[in-house]
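Chemist: I'm passing along structure36.cif; it holds mmCIF, C-alpha atoms.
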```
data_model
#
loop_
_atom_site.label_atom_id
_atom_site.label_comp_id
_atom_site.auth_asym_id
_atom_site.auth_seq_id
_atom_site.Cartn_x
_atom_site.Cartn_y
_atom_site.Cartn_z
CA MET M 1 171.56 13.09 22.10
CA ILE M 2 169.90 9.69 21.72
CA THR M 3 169.14 8.97 18.08
CA LYS M 4 166.80 6.34 16.70
CA THR M 5 169.80 4.30 15.60
CA SER M 6 171.55 4.46 18.98
CA LEU M 7 168.30 3.55 20.76
CA LEU M 8 167.89 0.53 18.51
CA THR M 9 171.50 -0.49 19.18
CA PHE M 10 170.93 -0.11 22.92
CA LYS M 11 167.84 -2.31 22.74
CA LYS M 12 169.78 -4.98 20.86
CA ILE M 13 172.59 -4.92 23.41
CA ASN M 14 170.08 -5.04 26.24
CA LEU M 15 168.33 -7.99 24.61
CA VAL M 16 171.63 -9.85 24.29
CA ILE M 17 172.41 -9.18 27.96
CA VAL M 18 168.96 -10.36 29.06
CA CYS M 19 169.20 -13.49 26.92
CA ALA M 20 172.69 -14.24 28.22
CA PHE M 21 171.51 -13.74 31.80
CA THR M 22 168.47 -15.97 31.23
CA TYR M 23 170.66 -18.70 29.72
CA THR M 24 173.17 -18.46 32.56
CA LEU M 25 170.39 -18.59 35.14
CA ALA M 26 168.78 -21.59 33.45
CA PHE M 27 172.14 -23.34 33.22
CA THR M 28 172.87 -22.63 36.88
CA GLN M 29 169.46 -23.89 37.93
CA LYS M 30 170.03 -27.05 35.90
CA MET M 31 173.40 -27.58 37.54
CA GLU M 32 171.89 -27.06 40.99
CA ASN M 33 169.00 -29.47 40.45
CA THR M 34 170.16 -31.93 43.11
CA VAL M 35 168.61 -33.78 46.02
CA ASP M 36 169.11 -32.31 49.49
CA LEU M 37 170.79 -35.25 51.18
CA ASN M 38 170.49 -33.62 54.59
CA ALA M 39 166.72 -33.86 54.22
CA GLN M 40 166.55 -37.18 52.35
CA HIS M 41 164.54 -39.85 54.19
CA TRP M 42 165.64 -43.47 53.88
CA TYR M 43 163.54 -46.55 54.55
CA ASP M 44 163.14 -47.16 58.28
CA GLY M 45 162.89 -50.95 58.11
CA SER M 46 160.35 -52.65 60.36
CA GLU M 47 160.08 -54.23 63.78
CA ASN M 48 158.54 -57.18 61.92
CA CYS M 49 160.23 -57.42 58.52
CA LYS M 50 157.61 -59.90 57.29
CA GLU M 51 155.28 -56.91 57.18
CA ASN M 52 157.72 -54.63 55.36
CA THR M 53 156.47 -53.59 51.92
CA ASN M 54 159.31 -51.33 50.77
CA SER M 55 161.34 -52.31 47.73
CA PRO M 56 164.58 -54.22 48.42
CA ILE M 57 166.61 -51.28 47.07
CA GLN M 58 165.83 -47.61 47.60
CA VAL M 59 167.03 -45.65 44.58
CA VAL M 60 167.61 -41.91 44.79
CA GLN M 61 168.75 -39.96 41.73
CA TYR M 62 170.98 -37.27 43.19
CA ASN M 63 171.41 -35.40 39.90
CA SER M 64 171.34 -36.13 36.18
CA ASN M 65 174.26 -38.60 36.29
CA THR M 66 174.59 -39.68 39.93
CA TRP M 67 172.54 -42.25 41.83
CA ILE M 68 172.53 -43.35 45.47
CA LEU M 69 171.16 -46.79 46.28
CA ARG M 70 170.50 -48.25 49.70
CA GLN M 71 169.76 -51.83 50.58
CA ASN M 72 166.52 -52.25 52.50
CA ILE M 73 167.39 -52.92 56.13
CA CYS M 74 164.82 -55.71 56.16
CA THR M 75 166.85 -57.63 53.57
CA HIS M 76 170.01 -57.21 55.68
CA PHE M 77 170.60 -55.34 58.93
CA GLU M 78 173.76 -53.68 57.56
CA ALA M 79 171.62 -51.70 55.05
CA PRO M 80 174.69 -50.49 53.11
CA PHE M 81 174.70 -47.69 50.58
CA MET M 82 175.96 -47.99 47.01
CA PHE M 83 176.85 -45.17 44.63
CA LEU M 84 176.69 -44.93 40.84
CA PHE M 85 178.56 -42.24 38.91
CA ILE M 86 178.12 -42.03 35.12
CA GLY M 87 180.52 -40.32 32.74
CA SER M 88 180.40 -40.00 28.97
CA ASN M 89 181.95 -43.44 28.34
CA LYS M 90 182.26 -45.20 31.71
CA ALA M 91 180.19 -45.66 34.85
CA LEU M 92 181.53 -46.41 38.32
CA LEU M 93 179.51 -48.43 40.83
CA MET M 94 180.90 -48.42 44.34
CA ASP M 95 180.01 -51.60 46.27
CA THR M 96 177.34 -54.27 45.83
CA GLY M 97 175.73 -54.62 49.23
CA ALA M 98 175.29 -57.40 51.75
CA THR M 99 173.12 -60.01 49.99
CA LYS M 100 174.13 -62.16 47.03
CA GLU M 101 170.75 -63.64 46.03
CA GLU M 102 169.28 -61.72 43.09
CA ASP M 103 165.70 -62.71 43.89
CA VAL M 104 166.06 -61.07 47.32
CA PHE M 105 168.33 -58.22 46.32
CA PRO M 106 168.15 -57.49 42.55
CA LEU M 107 171.09 -55.11 42.36
CA TYR M 108 172.30 -55.95 38.84
CA GLU M 109 168.77 -55.62 37.46
CA THR M 110 168.42 -52.24 39.17
CA VAL M 111 171.77 -50.84 38.05
CA ASN M 112 171.39 -52.26 34.54
CA GLY M 113 167.99 -50.59 34.27
CA ILE M 114 169.52 -47.22 35.17
CA LEU M 115 172.35 -47.69 32.67
CA ASN M 116 170.06 -48.85 29.87
CA HIS M 117 167.85 -45.81 30.34
CA TRP M 118 170.93 -43.59 30.35
CA SER M 119 172.37 -45.25 27.24
CA GLU M 120 169.19 -44.71 25.24
CA LYS M 121 169.73 -40.95 25.51
CA ASN M 122 173.48 -40.62 25.88
CA GLY M 123 175.17 -43.67 24.39
CA GLU M 124 176.45 -46.90 25.90
CA VAL M 125 178.90 -46.83 28.80
CA GLU M 126 181.24 -49.42 30.28
CA LEU M 127 180.50 -50.32 33.91
CA ILE M 128 183.35 -50.50 36.42
CA LEU M 129 182.47 -52.12 39.74
CA ALA M 130 184.83 -51.24 42.58
CA HIS M 131 184.67 -51.41 46.37
CA SER M 132 185.13 -49.04 49.26
CA HIS M 133 186.84 -51.97 51.03
CA SER M 134 186.69 -55.74 51.09
CA HIS M 135 184.25 -56.59 53.89
CA ASN M 136 181.48 -58.92 52.75
CA ASP M 137 178.61 -56.49 53.32
CA HIS M 138 180.06 -54.46 50.44
CA TYR M 139 180.74 -57.16 47.84
CA ALA M 140 178.10 -59.85 48.44
CA ALA M 141 176.28 -59.20 45.14
CA ASP M 142 179.45 -59.10 43.01
CA GLY M 143 178.41 -62.41 41.48
CA GLN M 144 175.39 -60.77 39.87
CA PHE M 145 177.80 -58.69 37.75
CA MET M 146 180.37 -61.39 36.93
CA GLY M 147 180.48 -62.24 33.24
CA LYS M 148 178.00 -59.54 32.28
CA PRO M 149 178.75 -57.65 29.02
CA ASN M 150 180.67 -54.38 29.13
CA THR M 151 181.35 -54.86 32.85
CA THR M 152 184.61 -54.94 34.80
CA VAL M 153 184.65 -56.11 38.42
CA VAL M 154 187.72 -54.93 40.33
CA PRO M 155 188.96 -57.81 42.54
CA LEU M 156 189.00 -57.27 46.29
CA SER M 157 192.61 -57.79 47.30
CA ILE M 158 194.77 -54.77 47.99
CA GLU M 159 197.22 -55.76 45.25
CA TYR M 160 194.45 -55.83 42.63
CA VAL M 161 193.17 -52.48 43.89
CA LYS M 162 196.65 -50.97 43.58
CA ASN M 163 197.15 -52.42 40.10
CA PHE M 164 193.75 -51.50 38.70
CA PHE M 165 193.89 -47.88 39.79
CA GLN M 166 197.66 -47.72 39.09
CA PHE M 167 198.85 -46.61 42.50
CA GLN M 168 202.60 -46.04 42.57
CA ASN M 169 202.97 -45.08 46.22
CA TRP M 170 200.17 -46.53 48.33
CA PRO M 171 198.83 -45.09 50.61
CA GLU M 172 200.47 -41.69 50.16
CA ASP M 173 199.42 -40.88 46.61
CA ASN M 174 195.97 -40.21 45.20
CA VAL M 175 195.10 -41.35 41.68
CA GLU M 176 192.46 -40.43 39.11
CA LEU M 177 189.92 -42.46 37.16
CA ASP M 178 188.48 -40.80 34.05
CA LEU M 179 184.88 -41.81 33.33
CA GLY M 180 184.76 -39.50 30.31
CA ASN M 181 184.33 -35.80 31.11
CA ARG M 182 184.13 -36.83 34.75
CA ILE M 183 187.20 -37.35 36.93
CA ILE M 184 187.05 -39.53 40.04
CA LYS M 185 189.87 -39.19 42.59
CA ILE M 186 190.80 -42.28 44.60
CA ILE M 187 192.31 -41.73 48.06
CA PRO M 188 193.84 -44.62 50.05
CA ILE M 189 192.46 -44.72 53.62
CA PRO M 190 193.56 -48.01 55.25
CA GLY M 191 192.75 -48.52 58.92
CA HIS M 192 189.21 -49.81 58.93
CA GLN M 193 190.42 -52.39 56.41
CA LYS M 194 193.74 -52.46 54.59
CA ALA M 195 192.22 -51.99 51.11
CA SER M 196 189.92 -49.13 52.13
CA ILE M 197 189.63 -46.22 49.70
CA ALA M 198 187.79 -42.92 49.63
CA VAL M 199 186.29 -41.66 46.38
CA TYR M 200 185.89 -38.02 45.36
CA ASP M 201 183.74 -37.08 42.40
CA THR M 202 185.04 -33.83 40.89
CA SER M 203 181.67 -33.25 39.22
CA SER M 204 179.25 -33.45 42.17
CA LYS M 205 181.96 -32.69 44.77
CA ILE M 206 180.76 -35.70 46.79
CA LEU M 207 183.38 -37.42 48.95
CA LEU M 208 182.70 -41.08 49.74
CA THR M 209 184.41 -42.38 52.87
CA GLY M 210 183.11 -45.95 53.07
CA ASP M 211 183.14 -47.49 56.54
CA THR M 212 186.01 -45.25 57.63
CA PHE M 213 183.76 -42.28 58.40
CA TYR M 214 179.98 -42.36 58.64
CA PRO M 215 177.23 -41.73 61.24
CA GLY M 216 177.80 -44.90 63.20
CA ARG M 217 180.37 -47.14 64.85
CA LEU M 218 183.75 -46.52 63.26
CA TYR M 219 185.35 -49.95 63.55
CA VAL M 220 189.11 -49.49 63.64
CA ASP M 221 191.28 -52.49 62.77
CA ASP M 222 194.66 -50.72 62.51
CA TRP M 223 194.77 -47.77 64.92
CA ASP M 224 197.89 -46.12 63.54
CA SER M 225 196.83 -46.43 59.89
CA PHE M 226 193.34 -45.20 60.72
CA GLY M 227 194.69 -42.02 62.31
CA LYS M 228 196.92 -41.33 59.32
CA SER M 229 194.02 -41.90 56.94
CA ILE M 230 191.82 -39.42 58.80
CA ASN M 231 194.66 -36.89 58.59
CA ARG M 232 194.84 -37.57 54.87
CA LEU M 233 191.09 -37.00 54.48
CA VAL M 234 191.19 -33.74 56.44
CA ASP M 235 194.04 -32.52 54.27
CA PHE M 236 192.09 -33.47 51.15
CA THR M 237 189.03 -31.47 52.27
CA GLU M 238 191.22 -28.42 52.80
CA HIS M 239 192.22 -28.45 49.14
CA HIS M 240 188.95 -29.51 47.47
CA GLU M 241 185.40 -28.25 47.44
CA ILE M 242 183.13 -30.69 49.26
CA SER M 243 179.36 -30.81 48.80
CA TYR M 244 178.74 -33.87 51.00
CA ILE M 245 180.75 -36.45 52.92
CA LEU M 246 178.92 -39.76 52.60
CA GLY M 247 179.72 -43.05 54.29
CA ASN M 248 178.30 -46.52 53.69
CA HIS M 249 175.96 -46.96 56.66
CA ILE M 250 173.76 -45.14 59.14
CA GLU M 251 173.88 -46.55 62.67
CA MET M 252 173.28 -43.38 64.70
CA SER M 253 169.88 -42.05 65.69
CA THR M 254 168.88 -38.40 65.79
CA THR M 255 169.64 -38.47 69.53
CA ASP M 256 173.22 -37.34 70.11
CA GLY M 257 175.61 -40.24 70.75
CA ILE M 258 172.92 -42.94 70.59
CA ASP M 259 173.30 -45.73 68.04
CA TYR M 260 170.90 -48.50 67.09
CA PRO M 261 171.56 -51.96 68.55
CA MET M 262 173.70 -54.30 66.48
CA LYS M 263 171.64 -56.23 63.88
CA SER M 264 168.64 -53.96 64.36
CA THR M 265 166.26 -54.01 61.38
CA TYR M 266 164.28 -50.96 62.48
CA HIS M 267 165.72 -47.44 62.43
CA PRO M 268 163.04 -44.92 63.36
CA GLN M 269 164.39 -41.37 63.65
CA GLU M 270 167.58 -42.28 61.84
CA HIS M 271 170.51 -39.86 61.59
CA LYS M 272 170.97 -38.19 58.22
CA LEU M 273 173.53 -39.77 55.89
CA PRO M 274 175.97 -36.85 55.38
CA LEU M 275 178.59 -35.89 57.91
CA THR M 276 180.48 -32.61 57.78
CA ILE M 277 184.07 -31.44 57.53
CA GLU M 278 183.66 -30.23 61.13
CA ASP M 279 182.72 -33.79 62.14
CA LEU M 280 185.80 -35.09 60.35
CA LYS M 281 188.02 -32.60 62.16
CA GLU M 282 186.38 -33.58 65.45
CA LEU M 283 187.37 -37.18 64.75
CA GLN M 284 190.90 -36.11 63.87
CA LEU M 285 191.26 -34.16 67.12
CA ALA M 286 189.86 -37.03 69.15
CA LEU M 287 192.33 -39.49 67.64
CA THR M 288 195.19 -37.07 68.27
CA ASN M 289 194.19 -36.69 71.90
CA LEU M 290 193.84 -40.46 72.35
CA GLY M 291 197.37 -40.96 71.05
CA ASN M 292 198.59 -44.52 70.62
CA THR M 293 195.93 -46.08 72.83
CA PRO M 294 192.96 -47.60 70.95
CA THR M 295 189.96 -46.35 72.87
CA ASN M 296 186.20 -46.55 72.48
CA GLU M 297 184.81 -43.02 72.55
CA VAL M 298 181.27 -41.80 71.92
CA HIS M 299 180.70 -38.58 69.99
CA LYS M 300 177.53 -36.79 68.93
CA ASN M 301 177.48 -38.12 65.35
CA PHE M 302 179.81 -41.13 65.47
CA ILE M 303 181.48 -43.61 67.81
CA ILE M 304 185.17 -44.50 67.70
CA TYR M 305 185.13 -48.28 68.01
CA PRO M 306 188.51 -50.07 67.92
CA ILE M 307 188.17 -53.82 67.46
CA ASN M 308 191.66 -54.69 68.70
CA GLN M 309 191.81 -52.97 72.10
#
```
I need this file expressed as structure tokens, please.

Modeler:
Amino acid sequence: MITKTSLLTFKKINLVIVCAFTYTLAFTQKMENTVDLNAQHWYDGSENCKENTNSPIQVVQYNSNTWILRQNICTHFEAPFMFLFIGSNKALLMDTGATKEEDVFPLYETVNGILNHWSEKNGEVELILAHSHSHNDHYAADGQFMGKPNTTVVPLSIEYVKNFFQFQNWPEDNVELDLGNRIIKIIPIPGHQKASIAVYDTSSKILLTGDTFYPGRLYVDDWDSFGKSINRLVDFTEHHEISYILGNHIEMSTTDGIDYPMKSTYHPQEHKLPLTIEDLKELQLALTNLGNTPTNEVHKNFIIYPINQ
């Protein structure tokens, strides 16, 4: 028999359940409020860059505390990507692009603007500037950050990289960087360049692979080390949830196996930025099959491109 008291109790319980469900749904929706990087369009550049009116840096806010920046291809044909992760007391900026002049490429102004806006609501954070590797199209604007307050620039040499991140057994061990309620895992991946690292954000589940793996020409300097690094990345993806694998460039078009010419400043119908775990495993298999012989090999979404054949 349902009494008035039991009915009232049932309604209260039901209300609590509904409220809890509504809160959980709202929280989940907030957590999932991210940009679809498979659909994200990046500036195409121009056949005549004097007519290009896009800003020198395209800024995409991936979620509440993650930004992706890309240098306008008309300011430099490399058009590299940069990534900004913000924790509760530190922020990590990966790379500074291919142009040093601030009037042409105002990277510090752009990043500082993001951080100032963040700090107004969440408190001040220390900026750490690190690099996916030490090729000049990824550190050209370092000088804009030198001597700036609350900013640490990690030097480029492999010894400084090892010391700063406190590697004990490079390149076999991974290490962690705590940004404050946000852990970044650093994975050594030499082969493209001896100080190359991959970066995994445990919050967004984004894996950054620099110039080691991206939709373009995978320039291999050390064939043996490169193969081992790809094995290391595949193993990492088998033990971690991955939302996106993001490299530092886009050189492929949407046509399978077709890349844009070197130094091209116009990328119509550009390949999407993310690659997949399946792509990574395809690269691993290809390298295994090629054995010890550095070989140029074209694939649908990337090109193996040894520079010391």

Chemist: So which residues are close to (177.8, -35.6, 58.4), meaning at most 7 Å away in the file's coordinates with all atoms listed in the file counted, and can you show them as an mmCIF file with C-alpha atoms, in the frame of the given file?

Modeler:
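File selection11.cif, as written:
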```cif
data_model
loop_
_atom_site.group_PDB
_atom_site.id
_atom_site.type_symbol
_atom_site.label_atom_id
_atom_site.label_comp_id
_atom_site.auth_asym_id
_atom_site.auth_seq_id
_atom_site.Cartn_x
_atom_site.Cartn_y
_atom_site.Cartn_z
ATOM 1 C CA PRO M 215 177.230 -41.730 61.240
ATOM 2 C CA ILE M 245 180.750 -36.450 52.920
ATOM 3 C CA LEU M 273 173.530 -39.770 55.890
ATOM 4 C CA PRO M 274 175.970 -36.850 55.380
ATOM 5 C CA LEU M 275 178.590 -35.890 57.910
ATOM 6 C CA THR M 276 180.480 -32.610 57.780
ATOM 7 C CA ASP M 279 182.720 -33.790 62.140
#
```

Chemist: What separation in Å, quoted to one decimal, exists between atom CA of M:Lys50 and atom CA of M:Arg70?

Modeler: 19.0 Å

Chemist: Just to confirm, what's the straight-line distance from atom CA of M:Gly180 to atom CA of M:Gly210 in Å (one decimal)?

Modeler: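 Calculated distance between atom CA of M:Gly180 and atom CA of M:Gly210 is 23.7 Å.
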
Chemist: Figure out the distance between atom CA of M:Lys281 and atom CA of M:His240, please, to one decimal in Å.

Modeler: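 About the pair atom CA of M:His240 and atom CA of M:Lys281: they are 15.0 Å apart.
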
Chemist: Evaluate the PyMOL selection byres ((chain M and resi 184) around 8) against this structure - the residues, as a VMD selection string, please.

Modeler: chain M and resid 176 to 179 182 to 183 185 to 186 199 to 202

Chemist: Stretch 165-175 of chain M: which residues within 10 Å, counting all atoms listed in the file, same-chain residues fewer than 2 positions away excluded, as a list of chain:residue names?

Modeler: M:Val154, M:Ile158, M:Glu159, M:Tyr160, M:Val161, M:Lys162, M:Asn163, M:Leu177, M:Ile184, M:Lys185, M:Ile186, M:Ile187, M:Pro188, M:Ile189, M:Pro190, M:Lys194, M:Ala195, M:Ser196, M:Ile197, M:Ala198, M:Val199, M:Ser225, M:Lys228, M:Ser229, M:Arg232, M:Phe236

Chemist: Would you please work out which residue, of M:Asn54, M:Ser203, M:Thr209, M:Thr151, is nearest to M:Phe81 when using only C-alpha atoms?

Modeler: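 Looking only at the distances to M:Phe81, the closest residue turns out to be M:Thr209.
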
Chemist: Any chance you could work out the residue set of the PyMOL selection byres ((chain M and resi 65) around 9) here, as a PyMOL selection string?

Modeler: chain M and resi 61-64+66-67+84-87+118

Chemist: Just say which residues the PyMOL selection byres ((chain M and resi 106) around 12) picks in this file, as a ChimeraX atom specification.

Modeler: /M:55-58,69-72,75,96-105,107-113,140-145

Chemist: Which residue gives the smallest distance to M:Pro155 among M:Ser264, M:Leu129, M:Leu280, M:His138, with all atoms listed in the file counted?

Modeler: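 Of M:Ser264, M:Leu129, M:Leu280, M:His138, the one nearest M:Pro155 is M:Leu129, counting all atoms listed in the file.
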
Chemist: Box for stretch 293-300 of chain M - axis-aligned, 8 Å on each of the six sides, all listed atoms - centre and size in Å to one decimal, as AutoDock Vina command-line options.

Modeler:
```
--center_x 186.7 --center_y -42.2 --center_z 70.9 --size_x 34.4 --size_y 26.8 --size_z 19.9
```
